[in-house]
Structure formats: structure tokens, C-alpha cells
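Participant: For reference, the file protein.pdb (PDB, C-alpha atoms) is included below:
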ATOM      1  CA  MET A   1      17.706  -8.216  23.456
ATOM      2  CA  ASN A   2      16.776  -9.948  20.234
ATOM      3  CA  LEU A   3      14.938 -13.160  21.074
ATOM      4  CA  GLY A   4      15.079 -15.956  18.552
ATOM      5  CA  ILE A   5      12.015 -17.651  17.153
ATOM      6  CA  ALA A   6      12.447 -20.532  19.565
ATOM      7  CA  ALA A   7      11.670 -18.135  22.429
ATOM      8  CA  TRP A   8       8.234 -17.275  21.049
ATOM      9  CA  LYS A   9       5.233 -18.994  22.620
ATOM     10  CA  ASN A  10       1.946 -20.333  21.343
ATOM     11  CA  ILE A  11      -1.409 -18.924  22.424
ATOM     12  CA  LYS A  12      -4.931 -20.278  22.213
ATOM     13  CA  TRP A  13      -8.251 -18.498  22.165
ATOM     14  CA  THR A  14     -11.938 -19.106  22.679
ATOM     15  CA  LEU A  15     -14.123 -17.777  19.867
ATOM     16  CA  PRO A  16     -17.829 -17.869  19.049
ATOM     17  CA  THR A  17     -18.921 -20.329  16.384
ATOM     18  CA  CYS A  18     -20.216 -17.341  14.376
ATOM     19  CA  PHE A  19     -20.238 -13.541  14.601
ATOM     20  CA  PRO A  20     -23.664 -12.055  15.467
ATOM     21  CA  ILE A  21     -24.240  -8.879  13.440
ATOM     22  CA  ASN A  22     -24.943  -5.808  15.625
ATOM     23  CA  ALA A  23     -24.625  -7.907  18.783
ATOM     24  CA  PRO A  24     -21.723  -8.372  21.208
ATOM     25  CA  PHE A  25     -19.536 -11.435  21.445
ATOM     26  CA  GLU A  26     -16.629 -12.405  23.677
ATOM     27  CA  VAL A  27     -13.069 -13.469  22.917
ATOM     28  CA  THR A  28     -10.801 -15.147  25.472
ATOM     29  CA  VAL A  29      -7.055 -15.535  25.002
ATOM     30  CA  ASN A  30      -4.811 -17.833  27.047
ATOM     31  CA  ASP A  31      -1.163 -18.765  26.883
ATOM     32  CA  GLU A  32      -0.026 -22.272  26.026
ATOM     33  CA  THR A  33      -0.346 -23.342  29.681
ATOM     34  CA  GLY A  34      -3.971 -22.171  29.839
ATOM     35  CA  GLN A  35      -3.300 -19.012  31.867
ATOM     36  CA  PRO A  36      -5.195 -15.817  30.894
ATOM     37  CA  LEU A  37      -3.171 -13.590  28.605
ATOM     38  CA  GLN A  38      -3.591  -9.910  29.391
ATOM     39  CA  ASP A  39      -3.060  -7.122  26.826
ATOM     40  CA  ALA A  40      -3.358  -9.384  23.806
ATOM     41  CA  GLU A  41      -4.511  -7.211  20.915
ATOM     42  CA  ILE A  42      -7.694  -8.357  19.180
ATOM     43  CA  ARG A  43      -8.538  -6.902  15.767
ATOM     44  CA  TYR A  44     -11.903  -7.404  14.138
ATOM     45  CA  GLY A  45     -13.372  -5.174  11.434
ATOM     46  CA  THR A  46     -12.935  -1.577  12.584
ATOM     47  CA  GLN A  47     -12.364  -2.593  16.207
ATOM     48  CA  LYS A  48      -9.117  -3.049  18.120
ATOM     49  CA  ASN A  49      -9.326  -4.142  21.765
ATOM     50  CA  LEU A  50      -6.932  -5.395  24.432
ATOM     51  CA  THR A  51      -7.766  -8.343  26.667
ATOM     52  CA  ASP A  52      -8.148  -7.673  30.401
ATOM     53  CA  GLN A  53      -6.506  -9.528  33.305
ATOM     54  CA  THR A  54      -8.826 -12.469  32.710
ATOM     55  CA  GLY A  55      -7.750 -12.670  29.056
ATOM     56  CA  LYS A  56     -11.184 -11.512  27.839
ATOM     57  CA  THR A  57     -12.554  -8.724  25.668
ATOM     58  CA  ASN A  58     -15.914  -7.958  24.047
ATOM     59  CA  LEU A  59     -16.503  -6.984  20.433
ATOM     60  CA  MET A  60     -19.543  -6.059  18.367
ATOM     61  CA  GLY A  61     -20.406  -8.145  15.313
ATOM     62  CA  GLU A  62     -20.109  -6.229  12.049
ATOM     63  CA  LYS A  63     -21.811  -7.009   8.755
ATOM     64  CA  GLY A  64     -19.373  -8.264   6.138
ATOM     65  CA  GLN A  65     -16.550  -8.761   8.639
ATOM     66  CA  TYR A  66     -15.319 -12.342   8.956
ATOM     67  CA  PHE A  67     -11.649 -12.193   9.928
ATOM     68  CA  ILE A  68     -10.318 -11.804  13.467
ATOM     69  CA  ASN A  69      -6.701 -11.607  14.664
ATOM     70  CA  ALA A  70      -4.954 -11.883  18.034
ATOM     71  CA  THR A  71      -1.401 -10.637  18.555
ATOM     72  CA  LYS A  72       0.943 -10.120  21.489
ATOM     73  CA  ASP A  73       4.645  -9.413  21.567
ATOM     74  CA  LYS A  74       6.812 -12.550  21.843
ATOM     75  CA  TYR A  75       3.819 -14.794  21.028
ATOM     76  CA  PHE A  76       2.742 -16.376  17.775
ATOM     77  CA  SER A  77      -0.262 -14.491  16.437
ATOM     78  CA  LEU A  78      -3.595 -16.097  15.569
ATOM     79  CA  SER A  79      -6.004 -15.464  12.718
ATOM     80  CA  GLY A  80      -9.508 -16.856  12.332
ATOM     81  CA  LYS A  81     -12.516 -16.627  10.045
ATOM     82  CA  LYS A  82     -16.154 -17.047  11.085
ATOM     83  CA  ILE A  83     -19.523 -16.538   9.423
ATOM     84  CA  ALA A  84     -21.151 -13.177  10.240
ATOM     85  CA  THR A  85     -24.952 -13.374  10.278
ATOM     86  CA  ALA A  86     -27.858 -11.668  12.006
ATOM     87  CA  SER A  87     -29.294 -15.083  12.930
ATOM     88  CA  CYS A  88     -26.132 -16.154  14.760
ATOM     89  CA  ASN A  89     -26.708 -17.735  18.175
ATOM     90  CA  PRO A  90     -23.084 -18.374  19.091
ATOM     91  CA  THR A  91     -21.597 -21.084  21.229
ATOM     92  CA  TYR A  92     -17.953 -20.885  22.209
ATOM     93  CA  THR A  93     -15.108 -23.245  21.339
ATOM     94  CA  THR A  94     -11.441 -23.160  22.270
ATOM     95  CA  THR A  95      -8.809 -23.420  19.556
ATOM     96  CA  ASN A  96      -5.279 -24.486  20.394
ATOM     97  CA  PRO A  97      -3.516 -24.441  17.037
ATOM     98  CA  THR A  98      -0.412 -26.421  16.328
ATOM     99  CA  LEU A  99       2.000 -24.025  14.678
ATOM    100  CA  VAL A 100       4.789 -25.376  12.541
ATOM    101  CA  GLY A 101       7.710 -22.999  12.826
ATOM    102  CA  TRP A 102       7.921 -19.385  11.790
ATOM    103  CA  GLU A 103       6.883 -18.753   8.225
ATOM    104  CA  GLU A 104       8.754 -16.347   5.983
ATOM    105  CA  ILE A 105       6.508 -13.662   4.516
ATOM    106  CA  THR A 106       7.360 -11.007   1.969
ATOM    107  CA  ILE A 107       6.054  -7.451   1.633
ATOM    108  CA  GLN A 108       6.002  -6.228  -1.962
ATOM    109  CA  ILE A 109       5.252  -2.555  -2.623
ATOM    110  CA  GLU A 110       3.545  -2.353  -6.006
ATOM    111  CA  THR A 111       3.780   1.401  -6.569
ATOM    112  CA  THR A 112       5.913   4.299  -5.355
ATOM    113  CA  PRO A 113       4.333   5.681  -2.150
ATOM    114  CA  TYR A 114       3.435   9.376  -2.265
ATOM    115  CA  ILE A 115       2.142  11.496   0.600
ATOM    116  CA  ASP A 116      -1.694  11.644   0.627
ATOM    117  CA  LYS A 117      -1.840   9.184  -2.305
ATOM    118  CA  GLN A 118      -2.924   5.544  -2.200
ATOM    119  CA  PHE A 119      -0.475   2.742  -2.854
ATOM    120  CA  THR A 120      -0.795  -1.036  -2.987
ATOM    121  CA  LEU A 121       1.248  -3.776  -1.372
ATOM    122  CA  THR A 122       1.149  -7.577  -1.665
ATOM    123  CA  ILE A 123       1.920 -10.155   1.021
ATOM    124  CA  THR A 124       3.272 -13.524  -0.113
ATOM    125  CA  ASP A 125       4.628 -16.624   1.618
ATOM    126  CA  ALA A 126       8.002 -18.272   1.093
ATOM    127  CA  THR A 127       6.789 -19.937  -2.111
ATOM    128  CA  GLY A 128       5.344 -16.716  -3.567
ATOM    129  CA  ASN A 129       1.684 -17.488  -2.878
ATOM    130  CA  PRO A 130      -0.520 -14.563  -1.705
ATOM    131  CA  ILE A 131      -1.611 -14.584   1.940
ATOM    132  CA  GLN A 132      -5.189 -13.517   2.638
ATOM    133  CA  GLY A 133      -6.171 -11.984   5.975
ATOM    134  CA  THR A 134      -2.732 -10.581   6.815
ATOM    135  CA  THR A 135      -2.984  -7.664   9.257
ATOM    136  CA  ILE A 136      -1.245  -4.561   7.900
ATOM    137  CA  ASP A 137      -0.294  -1.725  10.263
ATOM    138  CA  TYR A 138       0.973   1.594   8.944
ATOM    139  CA  GLY A 139       0.824   4.629  11.222
ATOM    140  CA  GLU A 140      -2.801   4.973  12.324
ATOM    141  CA  GLN A 141      -4.011   2.796   9.440
ATOM    142  CA  THR A 142      -4.899  -0.865   9.871
ATOM    143  CA  THR A 143      -6.238  -3.139   7.164
ATOM    144  CA  THR A 144      -6.143  -6.765   6.028
ATOM    145  CA  THR A 145      -5.116  -8.292   2.721
ATOM    146  CA  ASN A 146      -7.714  -9.662   0.316
ATOM    147  CA  GLU A 147      -7.772 -13.027  -1.463
ATOM    148  CA  THR A 148      -4.947 -11.889  -3.762
ATOM    149  CA  GLY A 149      -2.793 -10.900  -0.788
ATOM    150  CA  GLN A 150      -3.172  -7.204  -1.569
ATOM    151  CA  ALA A 151      -4.007  -4.213   0.598
ATOM    152  CA  THR A 152      -4.254  -0.484  -0.126
ATOM    153  CA  LEU A 153      -2.852   2.230   2.126
ATOM    154  CA  GLN A 154      -2.413   5.991   1.887
ATOM    155  CA  GLY A 155       1.032   7.514   2.122
ATOM    156  CA  THR A 156       1.457   9.563   5.300
ATOM    157  CA  LYS A 157       4.112  12.174   5.956
ATOM    158  CA  GLY A 158       6.502  11.062   8.680
ATOM    159  CA  GLN A 159       5.283   7.450   8.653
ATOM    160  CA  TYR A 160       7.872   4.992   7.389
ATOM    161  CA  LEU A 161       7.251   1.576   8.956
ATOM    162  CA  ILE A 162       4.799  -1.030   7.634
ATOM    163  CA  THR A 163       4.151  -4.173   9.691
ATOM    164  CA  ALA A 164       2.544  -7.321   8.257
ATOM    165  CA  THR A 165       1.350 -10.007  10.686
ATOM    166  CA  THR A 166       0.036 -13.477   9.880
ATOM    167  CA  PRO A 167      -0.637 -16.411  12.240
ATOM    168  CA  GLN A 168       2.812 -17.849  11.520
ATOM    169  CA  GLY A 169       4.856 -14.870  10.471
ATOM    170  CA  LYS A 170       5.634 -11.214  10.854
ATOM    171  CA  ASN A 171       7.643  -8.828   8.734
ATOM    172  CA  THR A 172       8.285  -5.118   8.508
ATOM    173  CA  ALA A 173       9.169  -2.811   5.644
ATOM    174  CA  LYS A 174      10.444   0.747   5.736
ATOM    175  CA  ILE A 175       9.209   3.189   3.107
ATOM    176  CA  LEU A 176       9.849   6.858   2.394
ATOM    177  CA  PRO A 177       6.677   8.475   0.989
ATOM    178  CA  LYS A 178       7.538  11.162  -1.547
ATOM    179  CA  THR A 179       5.852  14.496  -2.039
ATOM    180  CA  ALA A 180       3.684  14.454  -5.149
ATOM    181  CA  VAL A 181       4.674  17.160  -7.657
ATOM    182  CA  GLU A 182       1.973  18.648  -9.842
ATOM    183  CA  GLY A 183       2.647  18.677 -13.567
ATOM    184  CA  THR A 184       4.891  16.508 -15.654
ATOM    185  CA  GLY A 185       7.373  19.036 -16.988
ATOM    186  CA  ASP A 186      11.060  19.221 -16.173
ATOM    187  CA  LEU A 187      13.199  22.124 -15.026
ATOM    188  CA  ASN A 188      13.398  23.482 -18.567
ATOM    189  CA  THR A 189       9.657  23.959 -18.835
ATOM    190  CA  GLY A 190       8.968  25.183 -15.319
ATOM    191  CA  GLY A 191       6.918  22.099 -14.441
ATOM    192  CA  SER A 192       4.083  22.936 -16.791
ATOM    193  CA  GLY A 193       4.545  19.823 -18.864
ATOM    194  CA  THR A 194       4.512  21.799 -22.130
ATOM    195  CA  THR A 195       7.238  23.272 -24.342
ATOM    196  CA  GLU A 196       7.075  25.987 -26.968
ATOM    197  CA  GLU A 197       8.154  25.173 -30.506
ATOM    198  CA  PRO A 198      11.051  27.375 -31.725
ATOM    199  CA  PHE A 199      10.044  30.038 -34.272
ATOM    200  CA  ALA A 200      10.393  28.713 -37.810
ATOM    201  CA  ILE A 201      10.205  30.770 -41.042
ATOM    202  CA  PRO A 202       7.802  29.111 -43.512
ATOM    203  CA  LEU A 203       9.547  27.590 -46.526
ATOM    204  CA  ASP A 204       7.453  29.577 -49.044
ATOM    205  CA  ILE A 205       8.667  32.843 -47.527
ATOM    206  CA  VAL A 206      12.256  31.633 -47.686
ATOM    207  CA  ALA A 207      11.820  30.656 -51.338
ATOM    208  CA  LEU A 208      10.265  34.049 -52.196
ATOM    209  CA  ALA A 209      13.069  35.915 -50.478
ATOM    210  CA  ALA A 210      15.625  33.859 -52.375
ATOM    211  CA  LEU A 211      13.850  34.573 -55.658
ATOM    212  CA  ILE A 212      13.776  38.314 -54.954
ATOM    213  CA  LEU A 213      17.437  38.267 -53.981
ATOM    214  CA  VAL A 214      18.470  36.416 -57.155
ATOM    215  CA  GLY A 215      16.250  38.619 -59.343
ATOM    216  CA  GLY A 216      17.720  41.776 -57.837
ATOM    217  CA  PHE A 217      21.205  40.496 -58.400
ATOM    218  CA  VAL A 218      20.431  39.739 -62.079
ATOM    219  CA  LEU A 219      18.780  43.168 -62.557
ATOM    220  CA  LEU A 220      21.795  44.850 -60.985
ATOM    221  CA  ARG A 221      24.148  43.108 -63.436
ATOM    222  CA  VAL A 222      21.965  44.141 -66.444
ATOM    223  CA  VAL A 223      21.988  47.801 -65.385
ATOM    224  CA  ALA A 224      25.703  47.680 -64.841
ATOM    225  CA  SER A 225      26.238  46.172 -68.304
ATOM    226  CA  ARG A 226      24.136  48.926 -70.016
ATOM    227  CA  ASN A 227      26.036  51.654 -68.238
ATOM    228  CA  ALA A 228      29.294  50.130 -69.366
ATOM    229  CA  SER A 229      28.110  49.983 -72.992
ATOM    230  CA  SER A 230      26.993  53.621 -73.078
ATOM    231  CA  GLU A 231      30.355  54.947 -71.924
TER     232      GLU A 231
END
Kindly return the structure encoded in the file as C-alpha cells.

Facilitator:
Amino acid sequence: MNLGIAAWKNIKWTLPTCFPINAPFEVTVNDETGQPLQDAEIRYGTQKNLTDQTGKTNLMGEKGQYFINATKDKYFSLSGKKIATASCNPTYTTTNPTLVGWEEITIQIETTPYIDKQFTLTITDATGNPIQGTTIDYGEQTTTTNETGQATLQGTKGQYLITATTPQGKNTAKILPKTAVEGTGDLNTGGSGTTEEPFAIPLDIVALAALILVGGFVLLRVVASRNASSE
């Protein structure tokens, strides 16, 4: 059954005011009625946790990691940004965002994906502006877009589906990573990327041969003329 956007629900979460580096912090996710939301997926840095029956999960603060995302099927996803600092002494606040509709997002693949090679994609909104902090899922790889809306992935054999999730939108793209072929040659050169020049006779040799040929012909006519005169 394909549910329309109107069937999707809002969620709210309780986050710390900052992320303490190398120290645990708690995230709580509830549905729009305030009930705990179990199995909501929380992504932060290198971590990916599911909330328990009370809607809670614990994460460890990571240096340089500021973005956090919460997703659950048939619910609008959430994305947040907090300061990460070793001096953080967090307090917790609940955010109940007001979401305005479902936003169209576009996945643009910048380069041809090859197996075991990196490729870049860009996430933009309906007006073409890049979206920072978009969660990108591709096989076992998960990353987020930077300030230019770009993210880098590595082509994986047998993995075709890319999913991009923002707080107000979600989109998927199907790719077919190709096998990288060594060399740049074509079938005529055996893939070596080089061709051999055809053998060419130097012009000076050609001229010399022509001169010898003409001279011999002239000498032959002289001899023939002398023989004719002596008879």
C-alpha cells in the first residue's frame, strides 16, 4: 500500500543543548501525541542507534560531529545541529517542529559510478539550492552532505539504491556501478591505449630509388643506341 504524504506523521524529540565530547548523552523521540516512539533510527557521527520502548537511546559525543538525524518509516524525519565541546554540561529541551508539507529534493550524480571507485552526488531542494546535512544511505555506507550539498560514496558491486533523507523530504535514486577497465585503448589496440605507426619509407630513399631507376633507363637507351649504330 502506497500511503500519501498526508498519512505521514510528525515526531518530536528531546535533545541536549550541546554534545559532550567523549561523554554519553540521551535522545528521546515521541510521536506527535507525546507517546514514546520505539525503533526510531538515530544517526550521529559514526553511530546509528534505535530507540527502545520508552523512545530513548544513548549516544557518545564525538569531536567534530554536530549533526544528528531521527528517522522512522511513515514519519517525517528530523535533523538537528548542536555544538560539540569537551566543556559541555548539557540540559535537555524538547523540540516539536512545525513542518510545512513535504519538500521535493533532487539527487544529482556528478560522475559515472564505478565499482570500488569514489563518486560524488549533490542534494538540492525544489529551487536548486544545496541541502546541507542530508543523510545519504547506500548499501552499508552512510554519510551526510556538506555545506555545498555534496557527499562522496564508493561504488559497490550489487548495490544500486541510494536514499537521501532530509527533515522535510526523502528521495531515492537507482544507479548501476560499472566495472572500471584498465587502459584507455579500444578493441583495435587491445586496450593498451597505444597504436603503432604504419611503416613508412623515408622520402630520401624514395627519391634515390627513383633517380637510380631513371638513370638506369637512360643508360639502357644509350647502350641500345650504340649497338644499333655499330650494326

Participant: With all atoms listed in the file as the atoms that count, which of A:Thr143, A:Gln53, A:Ser87, A:Gln159 lies nearest to A:Phe67?

Facilitator: A:Thr143

Participant: Identify all residues satisfying the PyMOL selection byres ((chain A and resi 44) around 9) in the given file; provide them as a list in words.

Facilitator: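 Selection result, ordered by chain and number: Ile42, Arg43, Gly45, Thr46, Gln47, Lys48, Asn49, Leu59, Met60, Gly61, Glu62, Gln65, Tyr66, Phe67, Ile68 and Asn69 of chain A.
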
Participant: What is the distance, in Å and to one decimal place, between atom CA of A:Lys117 and atom CA of A:Glu140?

Facilitator: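 Between these atoms lies a distance of 15.3 Å.
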
Participant: Can you list, as a ChimeraX atom specification, every protein, DNA or RNA residue that comes within 8 Å of stretch 129-138 of chain A when you count only C-alpha atoms, leaving out same-chain residues fewer than 3 positions away?

Facilitator: /A:67,69,79,122-126,141-151,153,159-166

Participant: Any idea what the distance is between atom CA of A:Thr71 and atom CA of A:Ile175?

Facilitator: 23.3 Å

Participant: Report the distance between atom CA of A:Ile107 and atom CA of A:Lys174 in Å, rounded to one decimal place.

Facilitator: 10.2 Å

Participant: Run the PyMOL selection byres ((chain A and resi 157) around 7) mentally over the shown coordinates, then write out the matched residues as a PyMOL selection string, using the chain letters and numbers from the document.

Facilitator: chain A and resi 115+155-156+158-159+177

Participant: For the residues in that selection, give me C-alpha atoms as a short mmCIF file (atom, residue, chain, number, x, y, z; two decimals), keeping the file's coordinate frame.

Facilitator:
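Below is the file out-v3.cif, written as the result:
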data_model
loop_
_atom_site.label_atom_id
_atom_site.label_comp_id
_atom_site.auth_asym_id
_atom_site.auth_seq_id
_atom_site.Cartn_x
_atom_site.Cartn_y
_atom_site.Cartn_z
CA ILE A 115 2.14 11.50 0.60
CA GLY A 155 1.03 7.51 2.12
CA THR A 156 1.46 9.56 5.30
CA GLY A 158 6.50 11.06 8.68
CA GLN A 159 5.28 7.45 8.65
CA PRO A 177 6.68 8.48 0.99
#

Participant: Give me the residues near A:Leu15 as a VMD selection string, where near means some atom within 8 Å (using all atoms listed in the file) and where sequence neighbours in that chain fewer than 4 positions away do not count.

Facilitator: chain A and resid 26 to 28 92 to 95

Participant: Measuring between all atoms listed in the file, which one of A:Ala23, A:Lys178, A:Gln154, A:Ala173 shows the shortest distance to A:Cys88?

Facilitator: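 Nearest to A:Cys88: A:Ala23.
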
Participant: Let me make sure I understand: among A:Thr51, A:Thr179, A:Ser77, A:Thr85, which one has the smallest atom-to-atom distance to A:Lys63 if we use only C-alpha atoms?

Facilitator: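 Closest residue, counting only C-alpha atoms: A:Thr85.
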
Participant: Let me make sure I understand: among A:Ile11, A:Gly128, A:Phe19, A:Phe119, which one has the smallest atom-to-atom distance to A:Pro90 if we use all atoms listed in the file?

Facilitator: A:Phe19

Participant: Model the absent atoms of stretch 153-182 of chain A so that N, CA and C atoms are present, and write the result as a short mmCIF file (atom, residue, chain, number, x, y, z; two decimals), in the coordinates of the input.

Facilitator:
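This went into out_28.cif:
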data_model
loop_
_atom_site.label_atom_id
_atom_site.label_comp_id
_atom_site.auth_asym_id
_atom_site.auth_seq_id
_atom_site.Cartn_x
_atom_site.Cartn_y
_atom_site.Cartn_z
N LEU A 153 -3.10 1.26 1.06
CA LEU A 153 -2.85 2.23 2.13
C LEU A 153 -2.68 3.61 1.50
N GLN A 154 -2.65 4.63 2.35
CA GLN A 154 -2.41 5.99 1.89
C GLN A 154 -1.13 6.50 2.50
N GLY A 155 -0.24 7.00 1.64
CA GLY A 155 1.03 7.51 2.12
C GLY A 155 0.84 8.64 3.13
N THR A 156 1.58 8.58 4.22
CA THR A 156 1.46 9.56 5.30
C THR A 156 2.82 10.18 5.59
N LYS A 157 2.86 11.47 5.67
CA LYS A 157 4.11 12.17 5.96
C LYS A 157 4.63 11.78 7.34
N GLY A 158 5.88 11.42 7.41
CA GLY A 158 6.50 11.06 8.68
C GLY A 158 6.28 9.63 9.11
N GLN A 159 5.52 8.85 8.33
CA GLN A 159 5.28 7.45 8.65
C GLN A 159 6.07 6.58 7.69
N TYR A 160 6.96 5.75 8.23
CA TYR A 160 7.87 4.99 7.39
C TYR A 160 7.74 3.47 7.53
N LEU A 161 7.21 3.00 8.67
CA LEU A 161 7.25 1.58 8.96
C LEU A 161 5.91 0.90 8.67
N ILE A 162 5.95 -0.18 7.91
CA ILE A 162 4.80 -1.03 7.63
C ILE A 162 5.03 -2.38 8.30
N THR A 163 4.04 -2.87 9.05
CA THR A 163 4.15 -4.17 9.69
C THR A 163 3.07 -5.10 9.15
N ALA A 164 3.48 -6.29 8.75
CA ALA A 164 2.54 -7.32 8.26
C ALA A 164 2.59 -8.50 9.21
N THR A 165 1.41 -8.92 9.71
CA THR A 165 1.35 -10.01 10.69
C THR A 165 0.38 -11.08 10.21
N THR A 166 0.86 -12.32 10.19
CA THR A 166 0.04 -13.48 9.88
C THR A 166 0.11 -14.42 11.08
N PRO A 167 -0.71 -15.48 11.12
CA PRO A 167 -0.64 -16.41 12.24
C PRO A 167 0.74 -17.02 12.45
N GLN A 168 1.51 -17.21 11.38
CA GLN A 168 2.81 -17.85 11.52
C GLN A 168 3.99 -16.96 11.13
N GLY A 169 3.75 -15.70 10.90
CA GLY A 169 4.86 -14.87 10.47
C GLY A 169 4.62 -13.39 10.67
N LYS A 170 5.71 -12.66 10.69
CA LYS A 170 5.63 -11.21 10.85
C LYS A 170 6.81 -10.59 10.13
N ASN A 171 6.58 -9.50 9.46
CA ASN A 171 7.64 -8.83 8.73
C ASN A 171 7.37 -7.34 8.74
N THR A 172 8.42 -6.57 8.57
CA THR A 172 8.28 -5.12 8.51
C THR A 172 9.00 -4.60 7.27
N ALA A 173 8.53 -3.48 6.77
CA ALA A 173 9.17 -2.81 5.64
C ALA A 173 9.22 -1.32 5.94
N LYS A 174 10.29 -0.69 5.53
CA LYS A 174 10.44 0.75 5.74
C LYS A 174 10.32 1.46 4.40
N ILE A 175 9.42 2.44 4.34
CA ILE A 175 9.21 3.19 3.11
C ILE A 175 9.48 4.67 3.36
N LEU A 176 9.66 5.41 2.31
CA LEU A 176 9.85 6.86 2.39
C LEU A 176 8.88 7.52 1.42
N PRO A 177 7.66 7.86 1.90
CA PRO A 177 6.68 8.48 0.99
C PRO A 177 7.21 9.79 0.42
N LYS A 178 7.06 9.95 -0.88
CA LYS A 178 7.54 11.16 -1.55
C LYS A 178 6.42 12.20 -1.62
N THR A 179 6.82 13.42 -1.84
CA THR A 179 5.85 14.50 -2.04
C THR A 179 5.46 14.53 -3.50
N ALA A 180 4.17 14.45 -3.77
CA ALA A 180 3.68 14.45 -5.15
C ALA A 180 3.87 15.84 -5.75
N VAL A 181 4.43 15.90 -6.96
CA VAL A 181 4.67 17.16 -7.66
C VAL A 181 3.66 17.30 -8.78
N GLU A 182 2.96 18.42 -8.78
CA GLU A 182 1.97 18.65 -9.84
C GLU A 182 2.68 18.90 -11.16
#
